[in-house]
Amino acid sequence: MKNARPLPGYLVTRYHGWKATAYAENQGWYRRLAKEGQRPRAMVISCCDSRVNVEGLFGADQGEFFVHRNIANLIPPYAPDGDHHGTSAAIEYAVTALKVAHLIVLGHSQCGGVQGCIDMCKGNAPKLEEKTSFVGRWMEILKPKYETVADIEDEDEQARMFERQAVVASLENLMTFPFVEQAVQSDELSVHGLWTDIGEGDLEYYDATKLTFRKV
């Protein structure tokens, strides 16, 4: 790969700082993780957005969460078609190999992917509609949920509600995976839907009995 370049200087400096402090002070812990392998208690599917700090939000230690990120924290429906499915592969590994006890879908405020889907549904995103747009094709997973927020006139409120619907859509699609459904029915796995407000630090959970989100 001729185009690969060395790390930027500031990242090199940060790495050496980490190796001399955080790693040096916890060397035994890191070596134990390497030797014994991972045993995460939960899988978290979150957005790629750099503002979403999954481990920081829950004060999690390294090795505690099996984290998968994608655009808008979406889970596609179960589709064993022999194609490439990164998110589905991560779910399969977490549930069948790692045997995680909890699977969490974490949505967030000001999600660019969700806003892009809104723009698509309103006919305002021709580039995302092109077949060559990976983002546009991925956001089609969420499109069917747009009808639940289409009548909300306030654009900010519409976006916030649609972000929550992205979590709901993912939870619904998650249950189409046979091995997930089996693990849930046998009480080996519990699934959870969360939404966090980046600016306010609030966290909400999806109450499936009331079909609404409530503050944690």
# chains A, B, ... in the order shown; residues from 1 in each chain; ligands from 1
>>> residues_around(residues="Arg41 of chain A", least_positions_apart="5", cutoff="7 Å", atoms="only C-alpha atoms", output="tab-separated table (two decimals) with C-alpha atoms, in the first residue's frame")
chain	number	residue	atom	x	y	z
A	64	GLU	CA	-15.95	-4.54	29.67
A	65	PHE	CA	-17.84	-3.61	26.49
A	100	VAL	CA	-22.72	-11.31	26.24
A	101	ALA	CA	-25.49	-10.90	28.78
A	102	HIS	CA	-26.74	-7.56	27.49
>>> residues_around(residues="Ile75 of chain A", least_positions_apart="6", cutoff="9 Å", atoms="only C-alpha atoms", output="PDB file with N, CA and C atoms, in the first residue's frame")
ATOM      1  N   ILE A  45     -24.012  -1.189  20.516  1.00  0.00           N
ATOM      2  CA  ILE A  45     -24.010  -0.739  19.129  1.00  0.00           C
ATOM      3  C   ILE A  45     -24.314   0.747  19.147  1.00  0.00           C
ATOM      4  N   THR A  87     -22.173  -5.347  10.613  1.00  0.00           N
ATOM      5  CA  THR A  87     -22.931  -5.232  11.858  1.00  0.00           C
ATOM      6  C   THR A  87     -23.514  -6.580  12.267  1.00  0.00           C
ATOM      7  N   SER A  88     -24.050  -7.304  11.317  1.00  0.00           N
ATOM      8  CA  SER A  88     -24.623  -8.620  11.618  1.00  0.00           C
ATOM      9  C   SER A  88     -23.549  -9.581  12.112  1.00  0.00           C
ATOM     10  N   VAL A 105     -28.437  -0.844  22.258  1.00  0.00           N
ATOM     11  CA  VAL A 105     -28.403   0.054  21.101  1.00  0.00           C
ATOM     12  C   VAL A 105     -28.440   1.470  21.646  1.00  0.00           C
ATOM     13  N   ILE A 141     -32.430   1.654   5.824  1.00  0.00           N
ATOM     14  CA  ILE A 141     -32.897   0.804   6.928  1.00  0.00           C
ATOM     15  C   ILE A 141     -33.901   1.562   7.785  1.00  0.00           C
ATOM     16  N   ALA A 166     -34.723   5.505  15.395  1.00  0.00           N
ATOM     17  CA  ALA A 166     -33.602   4.717  14.877  1.00  0.00           C
ATOM     18  C   ALA A 166     -33.242   3.604  15.866  1.00  0.00           C
ATOM     19  N   VAL A 167     -33.333   3.920  17.145  1.00  0.00           N
ATOM     20  CA  VAL A 167     -33.085   2.917  18.180  1.00  0.00           C
ATOM     21  C   VAL A 167     -34.172   1.848  18.144  1.00  0.00           C
ATOM     22  N   ALA A 169     -36.139   0.995  15.613  1.00  0.00           N
ATOM     23  CA  ALA A 169     -36.003   0.201  14.389  1.00  0.00           C
ATOM     24  C   ALA A 169     -34.909  -0.849  14.546  1.00  0.00           C
ATOM     25  N   SER A 170     -33.807  -0.456  15.185  1.00  0.00           N
ATOM     26  CA  SER A 170     -32.706  -1.399  15.383  1.00  0.00           C
ATOM     27  C   SER A 170     -33.101  -2.525  16.328  1.00  0.00           C
ATOM     28  N   LEU A 171     -33.834  -2.204  17.385  1.00  0.00           N
ATOM     29  CA  LEU A 171     -34.294  -3.234  18.313  1.00  0.00           C
ATOM     30  C   LEU A 171     -35.233  -4.214  17.611  1.00  0.00           C
ATOM     31  N   GLU A 172     -36.101  -3.695  16.773  1.00  0.00           N
ATOM     32  CA  GLU A 172     -37.032  -4.559  16.035  1.00  0.00           C
ATOM     33  C   GLU A 172     -36.276  -5.472  15.077  1.00  0.00           C
ATOM     34  N   ASN A 173     -35.301  -4.911  14.354  1.00  0.00           N
ATOM     35  CA  ASN A 173     -34.522  -5.718  13.420  1.00  0.00           C
ATOM     36  C   ASN A 173     -33.652  -6.737  14.157  1.00  0.00           C
ATOM     37  N   LEU A 174     -33.185  -6.348  15.321  1.00  0.00           N
ATOM     38  CA  LEU A 174     -32.349  -7.250  16.117  1.00  0.00           C
ATOM     39  C   LEU A 174     -33.071  -8.556  16.419  1.00  0.00           C
TER      40      LEU A 174
END
>>> residues_around(residues="Gly63 of chain A", least_positions_apart="2", cutoff="10 Å", atoms="only C-alpha atoms", output="list in words")
Tyr30, Leu33, Ala34, Gly37, Gln38, Arg39, Pro40, Arg41, Ala42, Ala60, Asp61, Phe65, Phe66 and Val67 of chain A
>>> write_last_selection(atoms="C-alpha atoms", output="mmCIF file, in the first residue's frame")
data_model
loop_
_atom_site.group_PDB
_atom_site.id
_atom_site.type_symbol
_atom_site.label_atom_id
_atom_site.label_comp_id
_atom_site.auth_asym_id
_atom_site.auth_seq_id
_atom_site.Cartn_x
_atom_site.Cartn_y
_atom_site.Cartn_z
ATOM 1 C CA TYR A 30 -3.254 -5.198 30.185
ATOM 2 C CA LEU A 33 -6.480 -9.024 29.228
ATOM 3 C CA ALA A 34 -4.102 -10.239 26.536
ATOM 4 C CA GLY A 37 -8.928 -13.019 26.372
ATOM 5 C CA GLN A 38 -11.988 -10.823 26.415
ATOM 6 C CA ARG A 39 -15.073 -11.461 28.501
ATOM 7 C CA PRO A 40 -17.284 -8.428 27.880
ATOM 8 C CA ARG A 41 -20.489 -8.251 29.879
ATOM 9 C CA ALA A 42 -22.337 -6.309 27.203
ATOM 10 C CA ALA A 60 -16.490 1.250 31.730
ATOM 11 C CA ASP A 61 -13.066 -0.353 31.982
ATOM 12 C CA PHE A 65 -17.839 -3.606 26.487
ATOM 13 C CA PHE A 66 -17.814 -5.201 23.042
ATOM 14 C CA VAL A 67 -18.454 -2.072 20.964
#
>>> select_by_dssp(residues="segment 11-196 of chain A", states="helix (DSSP H, G or I)", output="mmCIF file with C-alpha atoms, in the first residue's frame")
data_model
loop_
_atom_site.group_PDB
_atom_site.id
_atom_site.type_symbol
_atom_site.label_atom_id
_atom_site.label_comp_id
_atom_site.auth_asym_id
_atom_site.auth_seq_id
_atom_site.Cartn_x
_atom_site.Cartn_y
_atom_site.Cartn_z
ATOM 1 C CA LEU A 11 -0.688 10.984 17.801
ATOM 2 C CA VAL A 12 2.812 9.594 18.231
ATOM 3 C CA THR A 13 3.341 11.951 21.175
ATOM 4 C CA ARG A 14 0.043 10.912 22.743
ATOM 5 C CA TYR A 15 0.875 7.232 22.324
ATOM 6 C CA HIS A 16 4.219 7.587 24.075
ATOM 7 C CA GLY A 17 2.499 9.505 26.865
ATOM 8 C CA TRP A 18 -0.047 6.703 27.295
ATOM 9 C CA LYS A 19 2.629 3.991 27.254
ATOM 10 C CA ALA A 20 4.660 5.809 29.917
ATOM 11 C CA THR A 21 1.722 6.518 32.231
ATOM 12 C CA ALA A 22 -1.588 4.660 31.868
ATOM 13 C CA TYR A 23 -0.011 1.480 30.505
ATOM 14 C CA ALA A 24 2.986 1.498 32.836
ATOM 15 C CA GLU A 25 0.727 1.930 35.873
ATOM 16 C CA GLN A 27 0.725 -3.221 32.981
ATOM 17 C CA GLY A 28 -0.501 -6.270 34.878
ATOM 18 C CA TRP A 29 -4.099 -5.578 33.880
ATOM 19 C CA TYR A 30 -3.254 -5.198 30.185
ATOM 20 C CA ARG A 31 -1.208 -8.405 30.186
ATOM 21 C CA ARG A 32 -4.039 -10.226 31.904
ATOM 22 C CA LEU A 33 -6.480 -9.024 29.228
ATOM 23 C CA ALA A 34 -4.102 -10.239 26.536
ATOM 24 C CA LYS A 35 -3.506 -13.622 28.161
ATOM 25 C CA GLU A 36 -7.019 -14.489 29.305
ATOM 26 C CA VAL A 54 -19.551 4.851 25.074
ATOM 27 C CA GLU A 55 -17.032 3.806 27.708
ATOM 28 C CA GLY A 56 -16.977 7.254 29.309
ATOM 29 C CA LEU A 57 -20.764 7.410 29.540
ATOM 30 C CA PHE A 58 -20.842 4.314 31.733
ATOM 31 C CA ILE A 71 -23.691 5.255 10.871
ATOM 32 C CA ALA A 72 -26.715 6.115 13.056
ATOM 33 C CA ASN A 73 -26.351 3.002 15.266
ATOM 34 C CA GLY A 86 -20.315 -6.093 9.250
ATOM 35 C CA THR A 87 -22.931 -5.232 11.858
ATOM 36 C CA SER A 88 -24.623 -8.620 11.618
ATOM 37 C CA ALA A 89 -21.259 -10.344 11.951
ATOM 38 C CA ALA A 90 -20.454 -8.370 15.100
ATOM 39 C CA ILE A 91 -23.834 -9.270 16.620
ATOM 40 C CA GLU A 92 -23.383 -12.936 15.754
ATOM 41 C CA TYR A 93 -19.940 -13.027 17.372
ATOM 42 C CA ALA A 94 -21.066 -11.184 20.497
ATOM 43 C CA VAL A 95 -24.123 -13.372 21.076
ATOM 44 C CA THR A 96 -22.942 -16.813 19.960
ATOM 45 C CA ALA A 97 -19.209 -16.706 20.790
ATOM 46 C CA GLY A 112 -25.985 13.447 11.112
ATOM 47 C CA GLY A 113 -27.032 10.098 9.682
ATOM 48 C CA VAL A 114 -30.577 10.472 10.975
ATOM 49 C CA GLN A 115 -30.762 14.015 9.627
ATOM 50 C CA GLY A 116 -29.575 12.708 6.274
ATOM 51 C CA CYS A 117 -32.411 10.185 6.278
ATOM 52 C CA ILE A 118 -34.908 12.965 7.021
ATOM 53 C CA ASP A 119 -33.526 14.947 4.101
ATOM 54 C CA MET A 120 -33.862 11.881 1.878
ATOM 55 C CA CYS A 121 -37.464 11.359 2.926
ATOM 56 C CA PRO A 126 -30.233 13.860 -4.151
ATOM 57 C CA LYS A 127 -26.645 12.763 -3.552
ATOM 58 C CA LEU A 128 -27.763 10.330 -0.849
ATOM 59 C CA GLU A 129 -30.360 8.933 -3.239
ATOM 60 C CA PHE A 134 -23.017 3.982 0.828
ATOM 61 C CA VAL A 135 -24.541 6.281 3.459
ATOM 62 C CA GLY A 136 -27.771 6.661 1.526
ATOM 63 C CA ARG A 137 -28.217 2.938 1.023
ATOM 64 C CA TRP A 138 -27.448 2.292 4.691
ATOM 65 C CA MET A 139 -29.995 4.877 5.853
ATOM 66 C CA LYS A 143 -36.734 5.095 6.060
ATOM 67 C CA PRO A 144 -39.862 3.058 6.982
ATOM 68 C CA LYS A 145 -39.932 4.758 10.391
ATOM 69 C CA TYR A 146 -40.204 8.248 8.909
ATOM 70 C CA GLU A 147 -43.990 8.042 8.868
ATOM 71 C CA THR A 148 -43.952 8.095 12.672
ATOM 72 C CA GLU A 155 -37.616 20.387 12.647
ATOM 73 C CA ASP A 156 -35.500 20.010 15.785
ATOM 74 C CA GLU A 157 -38.195 18.029 17.563
ATOM 75 C CA GLN A 158 -38.724 15.901 14.477
ATOM 76 C CA ALA A 159 -35.009 15.047 14.356
ATOM 77 C CA ARG A 160 -34.861 14.196 18.067
ATOM 78 C CA MET A 161 -37.867 11.897 17.771
ATOM 79 C CA PHE A 162 -36.482 10.261 14.643
ATOM 80 C CA GLU A 163 -33.197 9.594 16.456
ATOM 81 C CA ARG A 164 -35.181 7.639 19.004
ATOM 82 C CA GLN A 165 -36.996 5.798 16.218
ATOM 83 C CA ALA A 166 -33.602 4.717 14.877
ATOM 84 C CA VAL A 167 -33.085 2.917 18.180
ATOM 85 C CA VAL A 168 -36.546 1.329 17.993
ATOM 86 C CA ALA A 169 -36.003 0.201 14.389
ATOM 87 C CA SER A 170 -32.706 -1.399 15.383
ATOM 88 C CA LEU A 171 -34.294 -3.234 18.313
ATOM 89 C CA GLU A 172 -37.032 -4.559 16.035
ATOM 90 C CA ASN A 173 -34.522 -5.718 13.420
ATOM 91 C CA LEU A 174 -32.349 -7.250 16.117
ATOM 92 C CA PRO A 178 -32.792 -16.329 15.219
ATOM 93 C CA PHE A 179 -29.851 -16.692 17.598
ATOM 94 C CA VAL A 180 -30.759 -13.392 19.281
ATOM 95 C CA GLU A 181 -34.407 -14.363 19.674
ATOM 96 C CA GLN A 182 -33.394 -17.734 21.105
ATOM 97 C CA ALA A 183 -30.970 -16.146 23.589
ATOM 98 C CA VAL A 184 -33.615 -13.650 24.719
ATOM 99 C CA GLN A 185 -36.295 -16.307 25.136
#
>>> select_by_dssp(residues="chain A", states="strand (DSSP E or B)", output="MDAnalysis selection string")
chainID A and resid 42:47 65:70 102:108 190:196 203:207 212:215
>>> closest_residue(among="A:Thr176, A:Asn53, A:Thr209, A:Asn3", to="His108 of chain A", atoms="only C-alpha atoms")
A:Asn53
>>> atom_distance(atom1="atom CA of Ala150 of chain A", atom2="atom CA of Asn70 of chain A")
24.5 Å
>>> closest_residue(among="A:Leu103, A:Leu142, A:Cys111, A:Ala79", to="Cys48 of chain A", atoms="only C-alpha atoms")
A:Cys111
>>> residues_around(residues="Arg214 of chain A", least_positions_apart="6", cutoff="9 Å", atoms="only C-alpha atoms", output="VMD selection string")
chain A and resid 203 to 207
